[in-house]
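Beneath this line is the structure, given in structure tokens, with notes to follow.
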Amino acid sequence: MALVEIEVNGKNMSSEVEERQLLVHFLRDDLNLTGTHVGCDTSQCGACVIHLNGNAVKSCSMLTVQANNASITTIEGLADGDKLHPVQEAFRENHGLQCGFCTPGMIMAAVDIIKRKPNLNEKIVREELEGNLCRCTGYQNIVKSILAAANKV
Amino acid sequence: MSENGIGSSVLRKEDFRFITGKGQYTDDITQPNQLYAYFLRSPVAHANLISVTTDEALNSPGVISVYTGRDIDASLPCGWEAPTKEGTPSMHEPPWPIFAQEKIRFVGELIAVVIAETVNQAKDACELINMEYEDLPAVVSPQKALEDGAPSIWSEIPNNLCFEWEIGNKDDTDKAFEGAEHHITVNLKNNRLVPNAMEPRSYIGNFEEGKGEYTLHTTTQLPHIIRMLVCTVLGLEEHKVRVISLDVGGGFGSKAFHYAEEAIVTWVAGKLARPIKWTSERSEAFISDRHGRDHVTKAEAALDKEGNFLAMRVNTIASLGGYLSGSGPAIPTFFYGPLIPGPYKTPNYYCDVKGVFTNTVPVDAYRGAGRPEATYVTERLVEAAAEKTGINAIELRRKNFIQPNQFPYSSPGTLTYDSGDYDATLTSALSAINYDGYESRKLQSLEKGKVRGLGISCYIEACGVAPSKMTLEAGGRGGYYESSTVRVNPTGSITVFTGSHSHGQGHETVFAQIVHDTLGVPFESVDVVHGDTGRVPYGVGTVGSRSLAVGGPALMRSLDKIINKGKEIAAHLLETSSDEIIFENGEFSIKETNKFVSLADVIGAAYVPGNYPLDRLEPGLEETSFYDPPNLTFPAGAHICEIEIEPETGKIDIVNYAVSDDFGIIMNPMIVEGQVHGGVAQGIGQAMLEHCIYEEGTAQLINGSFMDYAMPRADNIPSMIVKTEVTPSLHGLGVKGCGEAGAIAAPPAVLHAVLDALKPLGVKDFDMPATPNKIWQAIQDAKK
């Protein structure tokens, strides 16, 4: 077991974890932050995307111990109190989700895309979503949501 | 039309919890004292199982118990017996044991389960199980499985033939071919797919010792059916089992079946009196979720000189996998054969289907379920007929469409189509894609060194599954009605309980729209509950685009009963007869007067029945209804796909895609469009990317992960134009169902575009998936 200190959604955590534990399992199983999902076992689907020190990462592709001393934001920490993040709001307004399973990862990836790419267009959004799979929406309204949010942020 | 009423693009009620990470999927649930299950699956496809040794695993840290086929002998039942062709044996129905017994029949079959304090401990222990087996030759291709001398998957079943089924009139059809001017033949393979809902399957079994009650949390589309099946498999009684499926992350059919893991976690929970949780990993899902499609077909059409269709004749071999899945025999029969005549007048029709065992994951319904396979056959034939006769493919379709004045139309596929206007959707799709500008776009592509192709697909499907009498006659073993309860709460809010189930479709919103419009209560005051057999009346669930077509009328019946009872109460309060009462805008009033009582007054009287006709009316305001539809519904439409191919590399891009569907009356256009987008993306996936590859001989799944199996990604899918035309269904709420159309119509549209683009390069035939590699190879082969 190893001791880690991680800031999650603004709160400092200190935890004993198994060395082999993936970060996504720390979030889901130890902290009960179940908004971050596991959709595959090969780091392809992106349902587990979180922000680590401000950057989007797949929380299934790193160990909890690698996140020691890092600051993490999960989907649960994205809204500002009762006020939804503009990307969350855009997904709701543009029907950017159906079953909702890929949605937290999509939203966390989208926030990062909007931050990194100042002049977004459809082509760039589609390329940037390479690491996030959705089986319900055909991506059309996800792309629409992200472009709508980019105009607001 | 009110802002939140029927016909409006109302934003979804369910979204808030999903965008904030507060959805409750099964794997999100952790129960006190919970244990974890991990399954040992067969690494080989066909073998005699000699022994499974678990001693070492049992002594591994954290392990509570290990179970194998020695500990429980139970089998999964099949829910459909396909009636067989005259002169052939009845459908063979061998058992599917929940753990392999003496023989293994596909890679992924369950061998043992380890129960431990943590998932990792269970996994570690699983590696210590020793499985001894004797390898047998395996078979993947359903054609090869039928050959003499092929590996025998079931010793008592000759040539691995589970059943032979037929529909139509063989003699008349053969005769129609004899004198026909044109005889067209196509040979097709409908590629095997893995459904891959983004949420992997997950189950938690629980047992409450005091009352002897089981609870199963499961990722299912059909909670009540799963309760019945778990009880059947384990010998339990339904009143002692509660099945809960809260938020489910997509299903597409694959979550509509009873899986052995569901039975096993329930059974082990009973043995250990502790919650048992299992969640599938994606790699496990590839070898254990039911697969879809996998047909080999020879299809023929006969046309007269003018291009009128005279007959269609189809022979299909359908892979069923190593065992019969719950509705495995239904998909290539009842959900396939009747639809092949499509939206066309074809007087003579015959189809023969052989269902064949292979050493693969069992095959069952996947989005469209039989209807994509049917449409692929019909439309590939139509295009081939246009090619052969020299008649323009659009004109050929128009010439043969069933006309709006011909409904109700009895098709040779034994169905009665109730309404439609097939040319309306084709015309609207042509206009949406700017068909007139196509030639100039084609020239522009050529200038860039690319070839452009345009493909059309017209489809009809059958939704609103189904009149129970119809499915029983076709081999089904269950009813296909739907249920609802409307509970008017004492303070005026409404709770709707529906037997149907949402796993992304948006029931919580659309059903609330209907209640809001019908009762005049605020949209916000309506909540829809589904997915819990402890709360919801016995229902069927959601498959085959049936929720609104069958569950909608079930809801409407309960609302009608509420209004009728409300009229009785209002009549009493207003001292008149109920015939004099009308209900409008949330008020019960006496006809042609200004005397009224509000819904709130009626609710108050019902729950505090002081001034109330207790001699003839019960207190309370809650109604339950069941609805069995009189017919299927028949959505139809046209899809047009435009692609560009780079001949040097075979790289293919969809550059335009237009859809025009007739889904009958539309309740929420935003949700309908979303369903079309998703369906088309899955259809494009089948047409261009997805293909489940088993190695012949070993029957190992070669591409069993997201690293290897090409799922459609955002840059594979175009932005599509979605239009609708409306001919209401003649029964129920006038809706037809929209969930599967995209996956049904897209594959032939894409393939026709590929064939069109490659035609100048000499390519004459092509099958799915149209990957760059295959396209490049076809171009090279055509040069020889």
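Identifiers in the structure tokens: chain A, B, ... in order shown; residue index from 1 per chain; ligand index from 1 in order shown.
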Using only C-alpha atoms, find which residues of chain A lie within 8 Å of chain B and jot them down as a PyMOL selection string.
-> chain A and resi 28+34-36+38-42+44-45+75-76+78-79+88+91-93+95+97-104+107+123+126-127+129-130+132-141
Going by DSSP on the backbone, which bits of chain A are alpha helix (DSSP H)? Write them as JSON, numbers by chain, please.
-> {"A": [23, 24, 25, 86, 87, 88, 89, 90, 91, 92, 93, 103, 104, 105, 106, 107, 108, 109, 110, 111, 112, 113, 114, 115, 116, 122, 123, 124, 125, 126, 127, 128, 140, 141, 142, 143, 144, 145, 146, 147, 148, 149, 150, 151, 152]}
As a list in words, list the residues of region 479-521 of chain B assigned to strand (DSSP E or B) by DSSP on the backbone atoms of this structure.
-> Glu482, Ser483, Ser484, Thr485, Val486, Arg487, Val488, Ile494, Thr495, Val496, Phe497 and Thr498 of chain B
Do you know which residues are at most 6 Å from Gly475 (chain B) counting only C-alpha atoms, after dropping those on the same chain fewer than 5 positions away, and could you put them as an MDAnalysis selection string?
-> chainID B and resid 80:82
Long-range neighbours of region 86-90 of chain B as a PyMOL selection string, 9 Å cut-off, only C-alpha atoms, 4 positions minimum in chain | chain B and resi 81-82+162-166
Go ahead and write the residues just picked, C-alpha atoms, as a PDB file, in the first residue's frame.
ATOM      1  CA  GLU B  81     -39.234 -21.701 -31.412  1.00  0.00           C
ATOM      2  CA  ALA B  82     -39.039 -21.014 -35.116  1.00  0.00           C
ATOM      3  CA  CYS B 162     -30.757 -25.903 -35.973  1.00  0.00           C
ATOM      4  CA  PHE B 163     -33.761 -25.180 -38.164  1.00  0.00           C
ATOM      5  CA  GLU B 164     -34.853 -24.494 -41.701  1.00  0.00           C
ATOM      6  CA  TRP B 165     -37.604 -21.891 -41.984  1.00  0.00           C
ATOM      7  CA  GLU B 166     -39.514 -20.568 -44.966  1.00  0.00           C
TER       8      GLU B 166
END
From the set A:Asn121, A:Thr74, A:Asn94, A:Thr64, which residue has the shortest atom-to-atom contact distance to Glu5 (chain A), counting only C-alpha atoms?
->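 Among A:Asn121, A:Thr74, A:Asn94, A:Thr64, it is A:Thr64 that comes nearest to Glu5 (chain A).
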Considering only C-alpha atoms, return as a list in words whatever protein or nucleic-acid residues lie within 10 Å of Ile114 (chain A), sequence-local ones (same chain, fewer than 5 positions apart) excluded.
->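 Listed by chain and then number, they are Val87, Ala109, Asn119, Leu120, Val125, Ile146, Leu147, Ala149, Ala150, Asn151 and Val153 of chain A.
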Create the file for the chosen residues now, containing N, CA and C atoms and written as a PDB file, in the first residue's frame.
ATOM      1  N   VAL A  87     -20.236  24.149 -20.798  1.00  0.00           N
ATOM      2  CA  VAL A  87     -20.208  22.935 -21.629  1.00  0.00           C
ATOM      3  C   VAL A  87     -21.302  21.960 -21.183  1.00  0.00           C
ATOM      4  N   ALA A 109     -13.514  16.179 -21.751  1.00  0.00           N
ATOM      5  CA  ALA A 109     -12.651  16.333 -22.928  1.00  0.00           C
ATOM      6  C   ALA A 109     -12.980  17.630 -23.661  1.00  0.00           C
ATOM      7  N   ASN A 119      -9.789  28.584 -32.162  1.00  0.00           N
ATOM      8  CA  ASN A 119     -10.693  28.765 -33.311  1.00  0.00           C
ATOM      9  C   ASN A 119     -11.294  27.430 -33.742  1.00  0.00           C
ATOM     10  N   LEU A 120     -12.204  26.973 -32.946  1.00  0.00           N
ATOM     11  CA  LEU A 120     -12.779  25.653 -33.216  1.00  0.00           C
ATOM     12  C   LEU A 120     -13.697  25.663 -34.428  1.00  0.00           C
ATOM     13  N   VAL A 125     -13.140  19.774 -34.095  1.00  0.00           N
ATOM     14  CA  VAL A 125     -13.812  19.090 -32.981  1.00  0.00           C
ATOM     15  C   VAL A 125     -13.850  17.589 -33.243  1.00  0.00           C
ATOM     16  N   ILE A 146     -20.411  21.172 -28.440  1.00  0.00           N
ATOM     17  CA  ILE A 146     -19.070  21.713 -28.165  1.00  0.00           C
ATOM     18  C   ILE A 146     -18.886  23.039 -28.896  1.00  0.00           C
ATOM     19  N   LEU A 147     -19.351  23.097 -30.140  1.00  0.00           N
ATOM     20  CA  LEU A 147     -19.222  24.368 -30.882  1.00  0.00           C
ATOM     21  C   LEU A 147     -20.067  25.457 -30.226  1.00  0.00           C
ATOM     22  N   ALA A 149     -20.851  25.636 -27.060  1.00  0.00           N
ATOM     23  CA  ALA A 149     -20.187  26.030 -25.808  1.00  0.00           C
ATOM     24  C   ALA A 149     -18.978  26.904 -26.085  1.00  0.00           C
ATOM     25  N   ALA A 150     -18.241  26.578 -27.159  1.00  0.00           N
ATOM     26  CA  ALA A 150     -17.035  27.342 -27.483  1.00  0.00           C
ATOM     27  C   ALA A 150     -17.372  28.801 -27.751  1.00  0.00           C
ATOM     28  N   ASN A 151     -18.537  29.023 -28.308  1.00  0.00           N
ATOM     29  CA  ASN A 151     -18.948  30.398 -28.585  1.00  0.00           C
ATOM     30  C   ASN A 151     -19.315  31.156 -27.321  1.00  0.00           C
ATOM     31  N   VAL A 153     -17.987  30.318 -24.058  1.00  0.00           N
ATOM     32  CA  VAL A 153     -16.918  30.354 -23.040  1.00  0.00           C
ATOM     33  C   VAL A 153     -16.022  31.570 -23.251  1.00  0.00           C
TER      34      VAL A 153
END
Computed interatomic separation between CA of Ile6 (chain B) and CA of Thr509 (chain B) (Å) = 10.4 Å
